[in-house]
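Visitor: My questions will all concern the structure given below.
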Amino acid sequence: MSLTLDLARIALQEERLQFDRFDATAAWEIGSRLKAAAEARGLSAAFDIALNGGATLFFFAMPGTTPDNIDWIRRKKNVVARFQRSSYAVGLELRQKNTSLPALIGVDERDYAPHGGCFPIKLRGTGCVGAITVSGLPQRQDHALVIEVLAAYLNQPLDELALDEVDPP
């Protein structure tokens, strides 16, 4: 896929993968599904589901993760909180425009990571209320794991939402 096609597909993901309601029970179920999906594939990642303002509803770091994964989670969540978009979409848009967040809006890269793996929790009629984050895999795989689990949880057809496995040039 090209960057343009990827961005269109992520916009579709953000439109379709919205919640009517979201609470701690939903966070636990989604977080548990993320962990199980990673374990089934023999992957190692850290997972975080948090509301805006910092209330963590789910967190799990699998064996093989490091404190760096927790920092990547923080930095990706800052991107979603600021733009209310997927961290991967923000990163792809920056690549398409051949720029960076520091150049565009003056933020420090130590606090913002426009890389795949953080997806906004959007409530229909309300907007972005938090984020679901995966860290530990290549960024496209971090993003894909979130999408796969959310599509199943929200009964959306994954074949209409998934990105190709190959990162666009």
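Residue numbers start at 1 in each chain; chains themselves are named A, B, ... in the order of the structure tokens; ligands are numbered from 1 in the order shown.
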Identify, on the basis of only C-alpha atoms, every residue whose closest approach to Ala151 (chain A) does not exceed 8 Å; exclude the query and any residue fewer than 5 positions from it along the same chain; express the result as a VMD selection string.
Guide: chain A and resid 17 156 to 158 161
Visitor: Gln139 (chain A): which residues within 9 Å, counting only C-alpha atoms, same-chain residues fewer than 4 positions away excluded, as a PyMOL selection string?
Guide: chain A and resi 88+115-117+134-135+143-144
Visitor: Which residue gives the smallest distance to Glu165 (chain A) among A:Phe59, A:Asp6, A:Thr133, A:Arg82, with only C-alpha atoms counted?
Guide: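 Closest to Glu165 (chain A), using only C-alpha atoms: A:Asp6.
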Visitor: Give me the residues within 10 Å of Arg110 (chain A) as a VMD selection string, counting only C-alpha atoms and dropping any in the same chain fewer than 2 places off.
Guide: chain A and resid 71 to 72 74 to 75 107 to 108 112 to 113
Visitor: If you run DSSP over the backbone, which residues in region 35-148 of chain A end up strand (DSSP E)? Put them as a list in words.
Guide: Ala46, Phe47, Asp48, Ile49, Ala50, Leu51, Thr56, Leu57, Phe58, Phe59, Phe60, Ala61, Cys118, Phe119, Pro120, Ile121, Lys122, Leu123, Gly127, Cys128, Val129, Gly130, Ala131, Ile132, Thr133, Val134 and Ser135 of chain A
Visitor: For those residues, write N, CA and C atoms to a file as a tab-separated table (two decimals), in the first residue's frame.
Guide:
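Listing of out35.tsv after writing:
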chain	number	residue	atom	x	y	z
A	46	ALA	N	4.41	-4.86	25.56
A	46	ALA	CA	3.76	-4.24	26.72
A	46	ALA	C	2.47	-3.60	26.22
A	47	PHE	N	1.45	-3.61	27.08
A	47	PHE	CA	0.12	-3.13	26.73
A	47	PHE	C	-0.36	-2.14	27.77
A	48	ASP	N	-0.99	-1.08	27.30
A	48	ASP	CA	-1.50	-0.05	28.20
A	48	ASP	C	-2.83	0.45	27.64
A	49	ILE	N	-3.83	0.51	28.50
A	49	ILE	CA	-5.11	1.11	28.14
A	49	ILE	C	-5.41	2.14	29.21
A	50	ALA	N	-5.51	3.39	28.79
A	50	ALA	CA	-5.67	4.48	29.75
A	50	ALA	C	-6.65	5.52	29.22
A	51	LEU	N	-7.29	6.18	30.16
A	51	LEU	CA	-8.16	7.29	29.82
A	51	LEU	C	-7.35	8.57	29.78
A	56	THR	N	-5.00	4.74	34.33
A	56	THR	CA	-4.68	3.48	33.67
A	56	THR	C	-5.70	2.44	34.06
A	57	LEU	N	-6.32	1.82	33.04
A	57	LEU	CA	-7.33	0.79	33.27
A	57	LEU	C	-6.77	-0.62	33.07
A	58	PHE	N	-5.69	-0.73	32.27
A	58	PHE	CA	-5.05	-2.02	32.03
A	58	PHE	C	-3.59	-1.77	31.70
A	59	PHE	N	-2.73	-2.58	32.29
A	59	PHE	CA	-1.31	-2.54	31.94
A	59	PHE	C	-0.74	-3.93	32.14
A	60	PHE	N	0.07	-4.37	31.16
A	60	PHE	CA	0.77	-5.64	31.30
A	60	PHE	C	2.03	-5.57	30.46
A	61	ALA	N	3.16	-5.95	31.06
A	61	ALA	CA	4.43	-6.03	30.35
A	61	ALA	C	4.86	-7.49	30.34
A	118	CYS	N	-0.38	3.04	19.05
A	118	CYS	CA	-1.32	3.69	19.97
A	118	CYS	C	-2.54	4.14	19.18
A	119	PHE	N	-3.70	3.70	19.64
A	119	PHE	CA	-4.95	3.95	18.92
A	119	PHE	C	-5.93	4.64	19.85
A	120	PRO	N	-6.62	5.66	19.34
A	120	PRO	CA	-7.53	6.41	20.22
A	120	PRO	C	-8.77	5.59	20.61
A	121	ILE	N	-9.17	5.75	21.86
A	121	ILE	CA	-10.46	5.22	22.31
A	121	ILE	C	-11.45	6.34	22.06
A	122	LYS	N	-12.31	6.13	21.07
A	122	LYS	CA	-13.29	7.16	20.72
A	122	LYS	C	-14.68	6.67	21.07
A	123	LEU	N	-15.43	7.54	21.75
A	123	LEU	CA	-16.84	7.27	22.02
A	123	LEU	C	-17.66	8.00	20.99
A	127	GLY	N	-16.03	11.71	21.28
A	127	GLY	CA	-14.66	11.91	20.80
A	127	GLY	C	-13.68	11.05	21.54
A	128	CYS	N	-12.43	11.45	21.50
A	128	CYS	CA	-11.33	10.67	22.07
A	128	CYS	C	-11.32	10.79	23.60
A	129	VAL	N	-11.42	9.65	24.28
A	129	VAL	CA	-11.43	9.64	25.75
A	129	VAL	C	-10.22	8.93	26.33
A	130	GLY	N	-9.36	8.38	25.48
A	130	GLY	CA	-8.20	7.65	25.97
A	130	GLY	C	-7.47	6.98	24.83
A	131	ALA	N	-6.63	5.98	25.18
A	131	ALA	CA	-5.81	5.32	24.17
A	131	ALA	C	-5.49	3.89	24.56
A	132	ILE	N	-5.36	3.06	23.54
A	132	ILE	CA	-4.92	1.67	23.68
A	132	ILE	C	-3.55	1.59	23.01
A	133	THR	N	-2.55	1.13	23.75
A	133	THR	CA	-1.18	1.17	23.25
A	133	THR	C	-0.49	-0.17	23.36
A	134	VAL	N	0.26	-0.51	22.31
A	134	VAL	CA	1.14	-1.69	22.29
A	134	VAL	C	2.54	-1.20	21.98
A	135	SER	N	3.53	-1.75	22.69
A	135	SER	CA	4.93	-1.43	22.42
A	135	SER	C	5.77	-2.70	22.54
Visitor: At most 12 Å is the cut-off: for each residue in region 43-82 of chain A with any atom that close to an atom of region 90-106 of chain A, write down the nearest atom pair and the distance in Å rounded to one decimal, counting only C-alpha atoms, chain first then increasing number, as a Markdown table.
Guide:
| residue | atom | partner | partner_atom | distance |
| --- | --- | --- | --- | --- |
| A:Lys76 | CA | A:Val90 | CA | 10.1 |
| A:Lys77 | CA | A:Val90 | CA | 11.8 |
| A:Asn78 | CA | A:Val90 | CA | 11.5 |
| A:Val79 | CA | A:Val90 | CA | 7.8 |
| A:Val80 | CA | A:Val90 | CA | 8.5 |
| A:Ala81 | CA | A:Val90 | CA | 11.6 |
| A:Arg82 | CA | A:Val90 | CA | 10.3 |
Visitor: For the atom pair CA of Ile10 (chain A) and CA of Ser86 (chain A), what is the interatomic distance in Å to one decimal place?
Guide: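 Computing the Euclidean distance for CA of Ile10 (chain A) and CA of Ser86 (chain A) yields 7.7 Å.
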Visitor: Go ahead and compute the interatomic distance for CA of Ser32 (chain A) and CA of Ala8 (chain A), in Å to one decimal.
Guide: 28.6 Å
Visitor: Which residue gives the smallest distance to Ala24 (chain A) among A:Val149, A:Ala45, A:Ala55, A:Ala38, with only C-alpha atoms counted?
Guide: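 Ranked by minimum distance to Ala24 (chain A), first place goes to A:Ala55.
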Visitor: Would you mind reading off the distance between CA of Thr126 (chain A) and CA of Ile73 (chain A), one decimal, in Å?
Guide: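 Pair CA of Thr126 (chain A) / CA of Ile73 (chain A) returns 23.8 Å.
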Visitor: Residues within 8 Å of Ala162 (chain A), please, as a PDB file with C-alpha atoms, in the first residue's frame. Count only C-alpha atoms; anything in the same chain fewer than 5 positions from it doesn't count.
Guide:
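After the write, out-v1.pdb holds the following:
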ATOM      1  CA  ARG A   9      -7.418   2.827   5.688  1.00  0.00           C
ATOM      2  CA  ALA A 144      -1.928  -4.142  13.446  1.00  0.00           C
ATOM      3  CA  ILE A 147      -6.620  -3.153  15.082  1.00  0.00           C
ATOM      4  CA  GLU A 148      -7.032  -6.925  14.984  1.00  0.00           C
TER       5      GLU A 148
END
